[in-house]
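Chemist: Next comes query08.cif, mmCIF, C-alpha atoms and all ligand atoms:
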data_upload
loop_
_atom_site.group_PDB
_atom_site.id
_atom_site.type_symbol
_atom_site.label_atom_id
_atom_site.label_comp_id
_atom_site.auth_asym_id
_atom_site.auth_seq_id
_atom_site.Cartn_x
_atom_site.Cartn_y
_atom_site.Cartn_z
ATOM 1 C CA MET S 1 0.000 0.000 0.000
ATOM 2 C CA GLU S 2 1.242 3.456 -0.838
ATOM 3 C CA TYR S 3 0.304 6.687 0.941
ATOM 4 C CA ILE S 4 0.342 9.988 -0.850
ATOM 5 C CA GLN S 5 0.214 13.515 0.419
ATOM 6 C CA THR S 6 -1.224 15.723 -2.303
ATOM 7 C CA VAL S 7 -0.793 19.462 -1.872
ATOM 8 C CA LEU S 8 -2.683 21.801 -4.197
ATOM 9 C CA VAL S 9 -1.838 25.462 -4.249
ATOM 10 C CA GLN S 10 -2.282 28.334 -6.687
ATOM 11 C CA ILE S 11 0.436 30.788 -7.635
ATOM 12 C CA GLN S 12 -0.692 34.278 -8.573
ATOM 13 C CA ALA S 13 -0.591 34.945 -12.294
ATOM 14 C CA THR S 14 1.830 37.845 -11.852
ATOM 15 C CA MET S 15 4.151 35.821 -9.636
ATOM 16 C CA THR S 16 5.005 32.837 -11.791
ATOM 17 C CA ASP S 17 8.408 34.272 -12.682
ATOM 18 C CA GLU S 18 9.048 34.883 -9.013
ATOM 19 C CA ALA S 19 8.288 31.206 -8.297
ATOM 20 C CA SER S 20 10.816 30.051 -10.893
ATOM 21 C CA ARG S 21 13.768 32.246 -9.838
ATOM 22 C CA PRO S 22 16.806 30.575 -8.180
ATOM 23 C CA GLN S 23 15.683 31.136 -4.572
ATOM 24 C CA GLY S 24 11.995 30.786 -5.443
ATOM 25 C CA LEU S 25 9.360 28.261 -4.458
ATOM 26 C CA LEU S 26 10.158 25.741 -7.179
ATOM 27 C CA ALA S 27 13.853 25.724 -6.312
ATOM 28 C CA ALA S 28 12.977 25.276 -2.642
ATOM 29 C CA LEU S 29 10.756 22.301 -3.480
ATOM 30 C CA ASP S 30 13.492 20.792 -5.571
ATOM 31 C CA GLU S 31 15.906 21.114 -2.682
ATOM 32 C CA HIS S 32 13.281 19.589 -0.407
ATOM 33 C CA ARG S 33 13.318 16.451 -2.548
ATOM 34 C CA SER S 34 16.944 15.706 -1.648
ATOM 35 C CA PHE S 35 16.099 16.280 2.011
ATOM 36 C CA LEU S 36 13.191 13.819 1.734
ATOM 37 C CA GLU S 37 15.357 11.141 0.218
ATOM 38 C CA GLN S 38 16.994 10.738 3.640
ATOM 39 C CA HIS S 39 13.588 10.320 5.276
ATOM 40 C CA PRO S 40 12.499 6.773 6.228
ATOM 41 C CA GLY S 41 9.451 5.571 4.277
ATOM 42 C CA PHE S 42 9.838 8.183 1.533
ATOM 43 C CA GLN S 43 9.410 6.862 -1.999
ATOM 44 C CA ASP S 44 8.858 9.627 -4.501
ATOM 45 C CA MET S 45 8.014 13.273 -4.936
ATOM 46 C CA ARG S 46 6.318 14.774 -7.965
ATOM 47 C CA VAL S 47 5.696 18.438 -8.699
ATOM 48 C CA THR S 48 3.333 19.309 -11.540
ATOM 49 C CA ARG S 49 1.775 22.568 -12.680
ATOM 50 C CA SER S 50 -1.188 23.477 -14.837
ATOM 51 C CA ILE S 51 -0.277 24.499 -18.366
ATOM 52 C CA ASN S 52 -2.511 27.518 -18.760
ATOM 53 C CA ALA S 53 -0.679 30.449 -20.357
ATOM 54 C CA GLU S 54 -2.646 33.068 -18.441
ATOM 55 C CA GLY S 55 -4.175 33.351 -15.012
ATOM 56 C CA ASN S 56 -3.201 31.688 -11.747
ATOM 57 C CA VAL S 57 -1.074 28.594 -11.990
ATOM 58 C CA LEU S 58 -2.135 25.492 -10.089
ATOM 59 C CA LEU S 59 0.743 23.638 -8.494
ATOM 60 C CA VAL S 60 0.331 20.014 -7.372
ATOM 61 C CA ILE S 61 2.974 18.511 -5.101
ATOM 62 C CA GLU S 62 2.729 14.807 -4.346
ATOM 63 C CA THR S 63 4.924 12.985 -1.880
ATOM 64 C CA HIS S 64 4.680 9.194 -1.847
ATOM 65 C CA TRP S 65 5.210 7.137 1.297
ATOM 66 C CA SER S 66 5.431 3.433 1.927
ATOM 67 C CA ASP S 67 3.318 3.569 5.131
ATOM 68 C CA ASP S 68 0.935 5.973 6.824
ATOM 69 C CA HIS S 69 3.132 6.243 9.903
ATOM 70 C CA SER S 70 5.962 7.800 7.858
ATOM 71 C CA LEU S 71 3.538 10.192 6.224
ATOM 72 C CA VAL S 72 2.090 11.347 9.549
ATOM 73 C CA GLU S 73 5.551 11.780 11.011
ATOM 74 C CA TYR S 74 6.589 13.839 8.008
ATOM 75 C CA GLU S 75 3.537 16.090 8.236
ATOM 76 C CA THR S 76 4.151 16.857 11.906
ATOM 77 C CA GLN S 77 7.805 17.814 11.463
ATOM 78 C CA GLU S 78 9.337 20.732 9.631
ATOM 79 C CA PRO S 79 10.447 21.313 7.018
ATOM 80 C CA ASN S 80 7.657 19.858 4.928
ATOM 81 C CA VAL S 81 5.822 20.991 1.795
ATOM 82 C CA MET S 82 3.381 23.147 3.783
ATOM 83 C CA SER S 83 6.098 24.936 5.703
ATOM 84 C CA ILE S 84 7.949 25.655 2.464
ATOM 85 C CA ILE S 85 4.809 27.065 0.850
ATOM 86 C CA ASN S 86 4.143 29.185 3.914
ATOM 87 C CA ARG S 87 7.570 30.754 3.525
ATOM 88 C CA HIS S 88 6.532 31.901 0.021
ATOM 89 C CA GLN S 89 3.143 33.260 1.049
ATOM 90 C CA GLU S 90 3.545 36.458 -0.989
ATOM 91 C CA ILE S 91 3.215 34.621 -4.311
ATOM 92 C CA ILE S 92 0.350 32.321 -3.283
ATOM 93 C CA VAL S 93 -3.322 32.991 -3.972
ATOM 94 C CA ALA S 94 -4.940 33.459 -0.558
ATOM 95 C CA ASP S 95 -6.787 30.391 0.770
ATOM 96 C CA SER S 96 -5.825 28.312 -2.242
ATOM 97 C CA LEU S 97 -3.807 25.754 -0.235
ATOM 98 C CA GLN S 98 -5.351 22.297 0.032
ATOM 99 C CA VAL S 99 -3.722 19.249 1.584
ATOM 100 C CA LEU S 100 -5.071 15.772 0.901
ATOM 101 C CA ASP S 101 -3.782 12.575 2.461
ATOM 102 C CA MET S 102 -4.550 9.653 0.167
ATOM 103 C CA GLU S 103 -3.835 6.004 -0.244
ATOM 104 C CA SER S 104 -3.350 4.205 -3.533
ATOM 105 C CA LEU S 105 -5.856 1.532 -4.560
ATOM 106 C CA GLY S 106 -3.313 -1.257 -4.377
ATOM 107 C CA ALA S 107 -5.110 -4.309 -5.738
ATOM 108 C CA ALA S 108 -6.920 -2.486 -8.535
ATOM 109 C CA GLY S 109 -4.039 -0.343 -9.743
ATOM 110 C CA ARG S 110 -0.968 -2.475 -9.293
ATOM 111 C CA PRO S 111 -1.158 -5.575 -11.514
ATOM 112 C CA ALA S 112 -1.848 -3.606 -14.664
ATOM 113 C CA ASP S 113 1.065 -1.338 -13.818
ATOM 114 C CA ALA S 114 3.311 -4.309 -13.211
ATOM 115 C CA ALA S 115 2.292 -5.900 -16.518
ATOM 116 C CA ALA S 116 2.883 -2.670 -18.415
ATOM 117 C CA GLU S 117 6.228 -2.285 -16.719
ATOM 118 C CA ALA S 118 7.201 -5.852 -17.615
ATOM 119 C CA THR S 119 6.328 -5.173 -21.263
ATOM 120 C CA GLU S 120 8.375 -2.038 -21.228
ATOM 121 C CA ARG S 121 11.366 -3.613 -19.507
ATOM 122 C CA LEU S 122 11.487 -7.021 -21.155
ATOM 123 C CA ALA S 123 9.547 -7.106 -24.401
ATOM 124 C CA LEU S 124 10.587 -3.819 -25.969
ATOM 125 C CA PRO S 125 14.363 -4.274 -25.640
ATOM 126 C CA LEU S 126 13.921 -7.606 -27.433
ATOM 127 C CA LEU S 127 11.258 -6.667 -29.945
ATOM 128 C CA ILE S 128 12.882 -3.480 -31.192
ATOM 129 C CA PRO S 129 16.240 -5.031 -32.232
ATOM 130 C CA LEU S 130 14.483 -8.131 -33.600
ATOM 131 C CA GLY S 131 12.161 -5.937 -35.625
ATOM 132 C CA ILE S 132 15.057 -3.897 -36.972
ATOM 133 C CA MET S 133 16.965 -7.079 -37.845
ATOM 134 C CA ALA S 134 13.974 -8.625 -39.634
ATOM 135 C CA PHE S 135 13.448 -5.411 -41.573
ATOM 136 C CA SER S 136 17.140 -5.246 -42.543
ATOM 137 C CA LEU S 137 17.077 -8.852 -43.761
ATOM 138 C CA LEU S 138 13.950 -8.112 -45.766
ATOM 139 C CA VAL S 139 15.639 -5.074 -47.307
ATOM 140 C CA ILE S 140 18.767 -7.054 -48.210
ATOM 141 C CA TYR S 141 16.922 -10.082 -49.551
ATOM 142 C CA GLY S 142 14.091 -8.193 -51.233
ATOM 143 C CA LEU S 143 16.296 -5.630 -52.934
ATOM 144 C CA SER S 144 18.838 -8.207 -54.105
ATOM 145 C CA ARG S 145 16.108 -10.366 -55.643
ATOM 146 C CA ILE S 146 14.581 -7.350 -57.355
ATOM 147 C CA TYR S 147 17.909 -6.013 -58.645
ATOM 148 C CA LEU S 148 18.874 -9.442 -60.000
ATOM 149 C CA GLU S 149 15.588 -9.809 -61.822
ATOM 150 C CA VAL S 150 15.503 -6.484 -63.644
ATOM 151 C CA SER S 151 17.922 -5.346 -66.318
ATOM 152 C CA ASN S 152 21.002 -3.290 -65.490
ATOM 153 C CA GLU S 153 19.514 0.024 -66.617
ATOM 154 C CA VAL S 154 16.303 -0.557 -64.681
ATOM 155 C CA ALA S 155 18.279 -1.629 -61.585
ATOM 156 C CA THR S 156 20.323 1.575 -61.694
ATOM 157 C CA GLY S 157 17.201 3.692 -62.033
ATOM 158 C CA LEU S 158 15.448 1.744 -59.300
ATOM 159 C CA ALA S 159 18.392 2.105 -56.910
ATOM 160 C CA ALA S 160 18.543 5.856 -57.577
ATOM 161 C CA GLY S 161 14.789 6.095 -56.992
ATOM 162 C CA ILE S 162 15.004 4.185 -53.712
ATOM 163 C CA ALA S 163 17.925 6.337 -52.533
ATOM 164 C CA LEU S 164 15.938 9.475 -53.392
ATOM 165 C CA GLY S 165 12.920 8.081 -51.546
ATOM 166 C CA ILE S 166 14.986 7.398 -48.427
ATOM 167 C CA LEU S 167 16.404 10.929 -48.614
ATOM 168 C CA LEU S 168 12.922 12.437 -48.950
ATOM 169 C CA VAL S 169 11.550 10.470 -45.999
ATOM 170 C CA ALA S 170 14.621 11.348 -43.895
ATOM 171 C CA TRP S 171 14.277 14.998 -44.874
ATOM 172 C CA TYR S 172 10.579 14.968 -43.991
ATOM 173 C CA VAL S 173 11.203 13.393 -40.584
ATOM 174 C CA ALA S 174 14.207 15.602 -39.784
ATOM 175 C CA SER S 175 12.493 18.847 -40.766
ATOM 176 C CA ARG S 176 9.674 18.397 -38.263
ATOM 177 C CA PRO S 177 9.960 18.832 -34.511
ATOM 178 C CA SER S 178 7.892 15.688 -33.988
ATOM 179 C CA VAL S 179 6.407 13.148 -36.346
ATOM 180 C CA PRO S 180 3.300 11.247 -35.255
ATOM 181 C CA GLY S 181 3.794 7.525 -34.727
ATOM 182 C CA TRP S 182 1.213 6.612 -37.359
ATOM 183 C CA GLN S 183 3.231 8.395 -40.053
ATOM 184 C CA ILE S 184 6.412 6.504 -39.195
ATOM 185 C CA ALA S 185 4.379 3.293 -39.058
ATOM 186 C CA SER S 186 2.913 4.106 -42.501
ATOM 187 C CA PHE S 187 6.390 4.549 -43.997
ATOM 188 C CA ALA S 188 7.510 1.242 -42.468
ATOM 189 C CA VAL S 189 4.398 -0.629 -43.626
ATOM 190 C CA LEU S 190 4.662 0.843 -47.130
ATOM 191 C CA ALA S 191 8.363 -0.049 -47.444
ATOM 192 C CA THR S 192 7.728 -3.567 -46.092
ATOM 193 C CA ALA S 193 4.838 -4.118 -48.493
ATOM 194 C CA LEU S 194 6.789 -2.892 -51.536
ATOM 195 C CA LEU S 195 9.845 -4.993 -50.640
ATOM 196 C CA THR S 196 7.830 -8.132 -49.928
ATOM 197 C CA GLY S 197 5.771 -7.713 -53.084
ATOM 198 C CA GLY S 198 8.864 -6.999 -55.182
ATOM 199 C CA ALA S 199 10.766 -9.967 -53.780
ATOM 200 C CA ILE S 200 7.852 -12.363 -54.342
ATOM 201 C CA PHE S 201 7.426 -11.040 -57.869
ATOM 202 C CA ALA S 202 11.174 -11.429 -58.521
ATOM 203 C CA VAL S 203 11.271 -14.997 -57.174
ATOM 204 C CA VAL S 204 8.210 -16.026 -59.201
ATOM 205 C CA GLU S 205 9.602 -14.382 -62.359
ATOM 206 C CA ASP S 206 12.938 -16.056 -61.765
ATOM 207 C CA ASP S 207 11.383 -19.526 -61.445
ATOM 208 C CA GLU S 208 9.425 -19.052 -64.650
ATOM 209 C CA GLY S 209 12.549 -17.793 -66.353
ATOM 210 C CA GLU S 210 14.477 -20.886 -65.298
ATOM 211 C CA ALA S 211 11.717 -23.198 -66.460
ATOM 212 C CA VAL S 212 11.758 -21.663 -69.935
ATOM 213 C CA GLU S 213 15.536 -21.536 -70.153
ATOM 214 C CA GLU S 214 15.921 -25.289 -70.544
ATOM 215 C CA THR S 215 18.358 -24.770 -73.389
ATOM 216 C CA PRO S 216 20.056 -21.579 -72.424
ATOM 217 C CA ALA S 217 21.702 -19.687 -75.213
ATOM 218 C CA ALA S 218 25.092 -18.117 -75.000
ATOM 219 C CA THR S 219 23.627 -15.094 -73.225
ATOM 220 C CA ALA S 220 25.004 -14.619 -69.766
ATOM 221 C CA SER S 221 22.322 -14.775 -67.134
ATOM 222 C CA PRO S 222 22.360 -11.976 -64.574
ATOM 223 C CA ALA S 223 24.478 -13.463 -61.802
ATOM 224 C CA ASP S 224 26.749 -11.954 -59.136
ATOM 225 C CA GLY S 225 27.686 -8.497 -60.148
ATOM 226 C CA GLU S 226 31.039 -9.200 -58.472
ATOM 227 C CA THR S 227 32.737 -10.904 -61.374
ATOM 228 C CA PRO S 228 33.554 -8.426 -64.103
ATOM 229 C CA VAL S 229 32.101 -9.858 -67.256
ATOM 230 C CA ALA S 230 33.578 -8.865 -70.577
ATOM 231 C CA PRO S 231 31.097 -7.238 -72.928
ATOM 232 C CA PRO S 232 30.084 -9.532 -75.746
ATOM 233 C CA GLY S 233 32.273 -8.983 -78.785
ATOM 234 C CA ASP S 234 33.993 -10.810 -81.562
ATOM 235 C CA ASN S 235 36.549 -12.393 -79.292
ATOM 236 C CA VAL S 236 34.320 -13.356 -76.384
ATOM 237 C CA PHE S 237 33.039 -16.930 -76.359
ATOM 238 C CA ALA S 238 30.488 -18.224 -73.939
ATOM 239 C CA VAL S 239 29.962 -21.654 -72.507
ATOM 240 C CA ALA S 240 27.397 -22.510 -69.901
ATOM 241 C CA MET S 241 27.146 -25.270 -67.335
ATOM 242 C CA ILE S 242 23.534 -26.395 -67.162
ATOM 243 C CA PRO S 243 21.559 -28.834 -65.032
ATOM 244 C CA THR S 244 22.701 -31.426 -64.439
ATOM 245 C CA LEU S 245 26.465 -31.894 -64.845
ATOM 246 C CA ALA S 246 26.509 -30.776 -68.494
ATOM 247 C CA PHE S 247 27.941 -28.124 -70.775
ATOM 248 C CA ASP S 248 25.427 -26.459 -73.062
ATOM 249 C CA THR S 249 27.603 -27.483 -76.018
ATOM 250 C CA ASP S 250 30.163 -30.190 -76.692
ATOM 251 C CA GLU S 251 31.959 -28.148 -79.290
ATOM 252 C CA ILE S 252 33.418 -24.666 -79.285
ATOM 253 C CA THR S 253 35.226 -22.948 -82.165
ATOM 254 C CA LEU S 254 37.983 -20.432 -81.447
ATOM 255 C CA PRO S 255 40.143 -18.327 -83.778
ATOM 256 C CA ALA S 256 43.877 -18.928 -83.890
ATOM 257 C CA ASP S 257 46.428 -16.186 -83.173
ATOM 258 C CA THR S 258 43.883 -13.833 -81.622
ATOM 259 C CA GLU S 259 43.402 -13.145 -77.968
ATOM 260 C CA VAL S 260 40.015 -14.526 -76.901
ATOM 261 C CA THR S 261 37.986 -14.533 -73.732
ATOM 262 C CA VAL S 262 35.967 -17.581 -72.745
ATOM 263 C CA SER S 263 33.218 -16.761 -70.312
ATOM 264 C CA ALA S 264 31.916 -19.765 -68.367
ATOM 265 C CA ASP S 265 28.439 -19.273 -66.939
ATOM 266 C CA ASN S 266 27.668 -21.834 -64.270
ATOM 267 C CA GLN S 267 23.870 -22.189 -64.036
ATOM 268 C CA ASP S 268 23.828 -25.702 -62.588
ATOM 269 C CA GLY S 269 22.070 -25.537 -59.207
ATOM 270 C CA ALA S 270 24.736 -24.892 -56.598
ATOM 271 C CA ILE S 271 27.287 -27.275 -58.133
ATOM 272 C CA LEU S 272 30.986 -26.491 -58.589
ATOM 273 C CA HIS S 273 32.218 -26.354 -62.200
ATOM 274 C CA ASN S 274 34.819 -24.749 -64.392
ATOM 275 C CA TRP S 275 35.884 -24.780 -68.038
ATOM 276 C CA ALA S 276 39.434 -25.981 -68.791
ATOM 277 C CA LEU S 277 41.159 -26.322 -72.178
ATOM 278 C CA TYR S 278 43.872 -28.962 -72.703
ATOM 279 C CA THR S 279 45.949 -30.063 -75.665
ATOM 280 C CA ASP S 280 44.282 -33.504 -75.626
ATOM 281 C CA ASP S 281 42.016 -35.743 -73.542
ATOM 282 C CA THR S 282 44.859 -36.911 -71.327
ATOM 283 C CA ALA S 283 44.463 -33.436 -69.806
ATOM 284 C CA SER S 284 48.153 -33.277 -69.026
ATOM 285 C CA ASP S 285 48.912 -29.973 -70.813
ATOM 286 C CA LEU S 286 46.702 -27.131 -69.708
ATOM 287 C CA ILE S 287 46.137 -24.233 -72.114
ATOM 288 C CA ALA S 288 43.669 -22.110 -70.181
ATOM 289 C CA LYS S 289 40.980 -22.488 -67.535
ATOM 290 C CA THR S 290 38.382 -20.584 -65.563
ATOM 291 C CA GLU S 291 38.217 -20.779 -61.769
ATOM 292 C CA ILE S 292 36.047 -23.427 -60.181
ATOM 293 C CA CYS S 293 32.970 -21.817 -58.659
ATOM 294 C CA ALA S 294 29.536 -22.816 -57.409
ATOM 295 C CA ALA S 295 26.477 -21.827 -59.436
ATOM 296 C CA PRO S 296 25.232 -19.256 -59.984
ATOM 297 C CA CYS S 297 28.581 -17.776 -61.028
ATOM 298 C CA ILE S 298 30.410 -16.568 -64.098
ATOM 299 C CA ASP S 299 34.166 -16.716 -64.460
ATOM 300 C CA GLU S 300 36.201 -15.957 -67.520
ATOM 301 C CA VAL S 301 39.671 -16.531 -68.872
ATOM 302 C CA THR S 302 41.539 -14.583 -71.546
ATOM 303 C CA PHE S 303 44.240 -16.284 -73.595
ATOM 304 C CA THR S 304 45.575 -16.755 -77.123
ATOM 305 C CA PRO S 305 44.472 -20.119 -78.544
ATOM 306 C CA PRO S 306 47.115 -22.524 -79.833
ATOM 307 C CA PRO S 307 47.664 -23.177 -83.561
ATOM 308 C CA PRO S 308 44.713 -24.514 -85.592
ATOM 309 C CA GLY S 309 43.623 -28.025 -84.679
ATOM 310 C CA GLU S 310 41.344 -29.988 -82.370
ATOM 311 C CA TYR S 311 41.758 -29.652 -78.651
ATOM 312 C CA PHE S 312 39.990 -30.955 -75.574
ATOM 313 C CA PHE S 313 37.977 -29.157 -72.942
ATOM 314 C CA ARG S 314 36.371 -30.399 -69.763
ATOM 315 C CA CYS S 315 35.184 -29.454 -66.311
ATOM 316 C CA ASP S 316 37.985 -30.261 -63.882
ATOM 317 C CA VAL S 317 35.473 -31.199 -61.210
ATOM 318 C CA HIS S 318 33.576 -33.606 -63.499
ATOM 319 C CA PRO S 319 36.211 -34.765 -66.003
ATOM 320 C CA VAL S 320 34.153 -37.804 -67.074
ATOM 321 C CA GLN S 321 30.692 -36.332 -67.521
ATOM 322 C CA MET S 322 31.585 -32.851 -68.776
ATOM 323 C CA VAL S 323 33.856 -32.909 -71.819
ATOM 324 C CA GLY S 324 33.936 -31.348 -75.287
ATOM 325 C CA THR S 325 36.031 -30.470 -78.301
ATOM 326 C CA ALA S 326 37.550 -27.074 -79.013
ATOM 327 C CA ILE S 327 38.269 -26.414 -82.660
ATOM 328 C CA VAL S 328 40.844 -23.729 -83.374
ATOM 329 C CA GLU S 329 40.798 -22.503 -86.968
HETATM 330 CU CU CU S 401 31.636 -29.795 -63.401
#
Kindly return the structure encoded in the file as C-alpha cells.
Modeler:
Amino acid sequence: MEYIQTVLVQIQATMTDEASRPQGLLAALDEHRSFLEQHPGFQDMRVTRSINAEGNVLLVIETHWSDDHSLVEYETQEPNVMSIINRHQEIIVADSLQVLDMESLGAAGRPADAAAEATERLALPLLIPLGIMAFSLLVIYGLSRIYLEVSNEVATGLAAGIALGILLVAWYVASRPSVPGWQIASFAVLATALLTGGAIFAVVEDDEGEAVEETPAATASPADGETPVAPPGDNVFAVAMIPTLAFDTDEITLPADTEVTVSADNQDGAILHNWALYTDDTASDLIAKTEICAAPCIDEVTFTPPPPGEYFFRCDVHPVQMVGTAIVE
C-alpha cells in the first residue's frame, strides 16, 4: 500500500516568474526532494503545474510514502511541503492551499502497472532489435532479388529512386519537430509491403525464367555483379554449365592467333564447375581455364588459342561427364 500527500496550491498569475527564480518556491521544493530522500518511508516526490498560459497557476505537489506512519511523522515535522509554501506566502493565492492525504488503490491499480512495466522492460528491448533485424534482412533479400531480376539500366534507375525516396523520408522526418507515430508506421508498412511484393514477384519471375531456359543460349544470365564480365564482342566466347552436370555445347570454335575470352556461366544448381582447355584428352597440358565456382557464377579466362587443330575441354570437377572439343581454326 502506498500513501500519498497531495498538496494543491495556486500561484498568482503575476508571480510565476518569481516562483521560478533561483531562490523561489520551485527551487525550494526541488531542494526539499533531496532532504526527503533521507527520510524513512519516503518513496517519490512529484511536482506538476497546470499548463494555462494566463491566469493563476495550479501547483500540485505529491509525496509518496510506503506507510501511513511515515507520512504522519513527516507532516508533523518541519520542514515539509506546507512549511515551504508558507515561507513563500507572498506569491500564493490566498486560501488556495489544500492538503489531501490519500492512499493508492493497491489491488486495482498495481497488476496492470506491473504488466505494463514488464512489457516495457522485457519485451521492448527484445522486440525493437528483432524488428530492426527482420526489416534489414527483408531489405537485403528483397532488394537483391529485385535487382537481379531487372535489367542493369532498370536496376540503376530503381536504386537511384530508392535512394531518393529514403532521402525524402529522412528529410521529412528531420524537418519536423515531432512526427506522429502513425506516419512513421505508414512509412515502415509501405516499405515492407513494396519490398515483400517486389521480392515475391522477382522470385516467381525467376522460377518461370528458369523453367523456360531449358536450353540456355550463349547469353550470360544476370548473376553476381562481383565478377567483371567482358562485354560480348567478336573475341568473347560463352559456354554454360547447365543442369545437371553438363555443358550447353560439346563443341566450341575459337580463332587462332587472336586473344580470346571464354566466359563460363555456371547455371547448374549450386554445383561447382569450371571450363578448362587442354591439348588432348589426357588433360596433361593445360592451355587455359576458368576458376572453379559454385552456381550461380560466371568466371572468364583470356588467352591466345594454340595453332589450328582440335583440342579438348572439360570441367575439372567432373572430367568424365563434362567434356567437349575445341576447334581452333
Ligand atoms: Cu563440373
Chemist: If we count all atoms listed in the file, what is near stretch 234-239 of chain S at a cut-off of 12 Å, once residues fewer than 5 positions away on the same chain are taken out, given as a PyMOL selection string?
Modeler: chain S and resi 216-221+229+246-267+273-276+290+298-305+313-315+322-324+326
Chemist: For the residues in that selection, give me C-alpha atoms as a PDB file, keeping the file's coordinate frame.
Modeler:
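Wrote it out as result-v3.pdb, contents follow:
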ATOM      1  CA  PRO S 216      20.056 -21.579 -72.424  1.00  0.00           C
ATOM      2  CA  ALA S 217      21.702 -19.687 -75.213  1.00  0.00           C
ATOM      3  CA  ALA S 218      25.092 -18.117 -75.000  1.00  0.00           C
ATOM      4  CA  THR S 219      23.627 -15.094 -73.225  1.00  0.00           C
ATOM      5  CA  ALA S 220      25.004 -14.619 -69.766  1.00  0.00           C
ATOM      6  CA  SER S 221      22.322 -14.775 -67.134  1.00  0.00           C
ATOM      7  CA  VAL S 229      32.101  -9.858 -67.256  1.00  0.00           C
ATOM      8  CA  ALA S 246      26.509 -30.776 -68.494  1.00  0.00           C
ATOM      9  CA  PHE S 247      27.941 -28.124 -70.775  1.00  0.00           C
ATOM     10  CA  ASP S 248      25.427 -26.459 -73.062  1.00  0.00           C
ATOM     11  CA  THR S 249      27.603 -27.483 -76.018  1.00  0.00           C
ATOM     12  CA  ASP S 250      30.163 -30.190 -76.692  1.00  0.00           C
ATOM     13  CA  GLU S 251      31.959 -28.148 -79.290  1.00  0.00           C
ATOM     14  CA  ILE S 252      33.418 -24.666 -79.285  1.00  0.00           C
ATOM     15  CA  THR S 253      35.226 -22.948 -82.165  1.00  0.00           C
ATOM     16  CA  LEU S 254      37.983 -20.432 -81.447  1.00  0.00           C
ATOM     17  CA  PRO S 255      40.143 -18.327 -83.778  1.00  0.00           C
ATOM     18  CA  ALA S 256      43.877 -18.928 -83.890  1.00  0.00           C
ATOM     19  CA  ASP S 257      46.428 -16.186 -83.173  1.00  0.00           C
ATOM     20  CA  THR S 258      43.883 -13.833 -81.622  1.00  0.00           C
ATOM     21  CA  GLU S 259      43.402 -13.145 -77.968  1.00  0.00           C
ATOM     22  CA  VAL S 260      40.015 -14.526 -76.901  1.00  0.00           C
ATOM     23  CA  THR S 261      37.986 -14.533 -73.732  1.00  0.00           C
ATOM     24  CA  VAL S 262      35.967 -17.581 -72.745  1.00  0.00           C
ATOM     25  CA  SER S 263      33.218 -16.761 -70.312  1.00  0.00           C
ATOM     26  CA  ALA S 264      31.916 -19.765 -68.367  1.00  0.00           C
ATOM     27  CA  ASP S 265      28.439 -19.273 -66.939  1.00  0.00           C
ATOM     28  CA  ASN S 266      27.668 -21.834 -64.270  1.00  0.00           C
ATOM     29  CA  GLN S 267      23.870 -22.189 -64.036  1.00  0.00           C
ATOM     30  CA  HIS S 273      32.218 -26.354 -62.200  1.00  0.00           C
ATOM     31  CA  ASN S 274      34.819 -24.749 -64.392  1.00  0.00           C
ATOM     32  CA  TRP S 275      35.884 -24.780 -68.038  1.00  0.00           C
ATOM     33  CA  ALA S 276      39.434 -25.981 -68.791  1.00  0.00           C
ATOM     34  CA  THR S 290      38.382 -20.584 -65.563  1.00  0.00           C
ATOM     35  CA  ILE S 298      30.410 -16.568 -64.098  1.00  0.00           C
ATOM     36  CA  ASP S 299      34.166 -16.716 -64.460  1.00  0.00           C
ATOM     37  CA  GLU S 300      36.201 -15.957 -67.520  1.00  0.00           C
ATOM     38  CA  VAL S 301      39.671 -16.531 -68.872  1.00  0.00           C
ATOM     39  CA  THR S 302      41.539 -14.583 -71.546  1.00  0.00           C
ATOM     40  CA  PHE S 303      44.240 -16.284 -73.595  1.00  0.00           C
ATOM     41  CA  THR S 304      45.575 -16.755 -77.123  1.00  0.00           C
ATOM     42  CA  PRO S 305      44.472 -20.119 -78.544  1.00  0.00           C
ATOM     43  CA  PHE S 313      37.977 -29.157 -72.942  1.00  0.00           C
ATOM     44  CA  ARG S 314      36.371 -30.399 -69.763  1.00  0.00           C
ATOM     45  CA  CYS S 315      35.184 -29.454 -66.311  1.00  0.00           C
ATOM     46  CA  MET S 322      31.585 -32.851 -68.776  1.00  0.00           C
ATOM     47  CA  VAL S 323      33.856 -32.909 -71.819  1.00  0.00           C
ATOM     48  CA  GLY S 324      33.936 -31.348 -75.287  1.00  0.00           C
ATOM     49  CA  ALA S 326      37.550 -27.074 -79.013  1.00  0.00           C
TER      50      ALA S 326
END
Chemist: Provide the atom CA of S:Gly142 to atom CA of S:Asp268 distance in Å, to one decimal place.
Modeler: 23.0 Å
Chemist: Excluding stretch 153-167 of chain S and any residue of its chain fewer than 4 positions from it, enumerate the residues within 12 Å of it, using only C-alpha atoms, and give them as a PyMOL selection string.
Modeler: chain S and resi 139+143-149+171-175+187-188+190-191+194-195+198+222+225
Chemist: Near S:Gly41, counting only C-alpha atoms, which residues have an atom at most 12 Å away, once you skip same-chain residues fewer than 4 positions from it, shown as a ChimeraX atom specification?
Modeler: /S:1-4,36-37,63-74
Chemist: Nearest to ligand CU 401 (chain S) among S:Arg49, S:His318, S:Arg33, S:Lys289, with distances taken over only C-alpha atoms and all ligand atoms: which residue is it?
Modeler: S:His318
Chemist: Which residue gives the smallest distance to S:Asp44 among S:Ile61, S:Ile271, S:Leu122, S:Val93, with all atoms listed in the file counted?
Modeler: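 Residue with the minimum atom-to-atom distance to S:Asp44: S:Ile61.
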Chemist: Find the residue from S:Val189, S:Ile92, S:Leu272, S:Ala118 that sits nearest to ligand CU 401 (chain S); use only C-alpha atoms and all ligand atoms when measuring.
Modeler: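 Going through S:Val189, S:Ile92, S:Leu272, S:Ala118 one by one, the smallest distance to ligand CU 401 (chain S) is for S:Leu272.
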Chemist: Nearest to ligand CU 401 (chain S): which of S:Ala295, S:Pro307, S:Leu126, S:Val47 is it, counting all atoms listed in the file?
Modeler: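 Between S:Ala295, S:Pro307, S:Leu126, S:Val47, the residue approaching ligand CU 401 (chain S) most closely is S:Ala295.
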Chemist: Could you state the separation of atom CA of S:Leu245 and atom CU of ligand CU 401 (chain S) in Å, given to one decimal place?
Modeler: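 Those two atoms sit 5.8 Å apart.
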Chemist: With all atoms listed in the file as the atoms that count, which of S:Ala270, S:Ile287, S:Leu59, S:Ala202 lies nearest to ligand CU 401 (chain S)?
Modeler: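 Distance minimum relative to ligand CU 401 (chain S) lands on S:Ala270.
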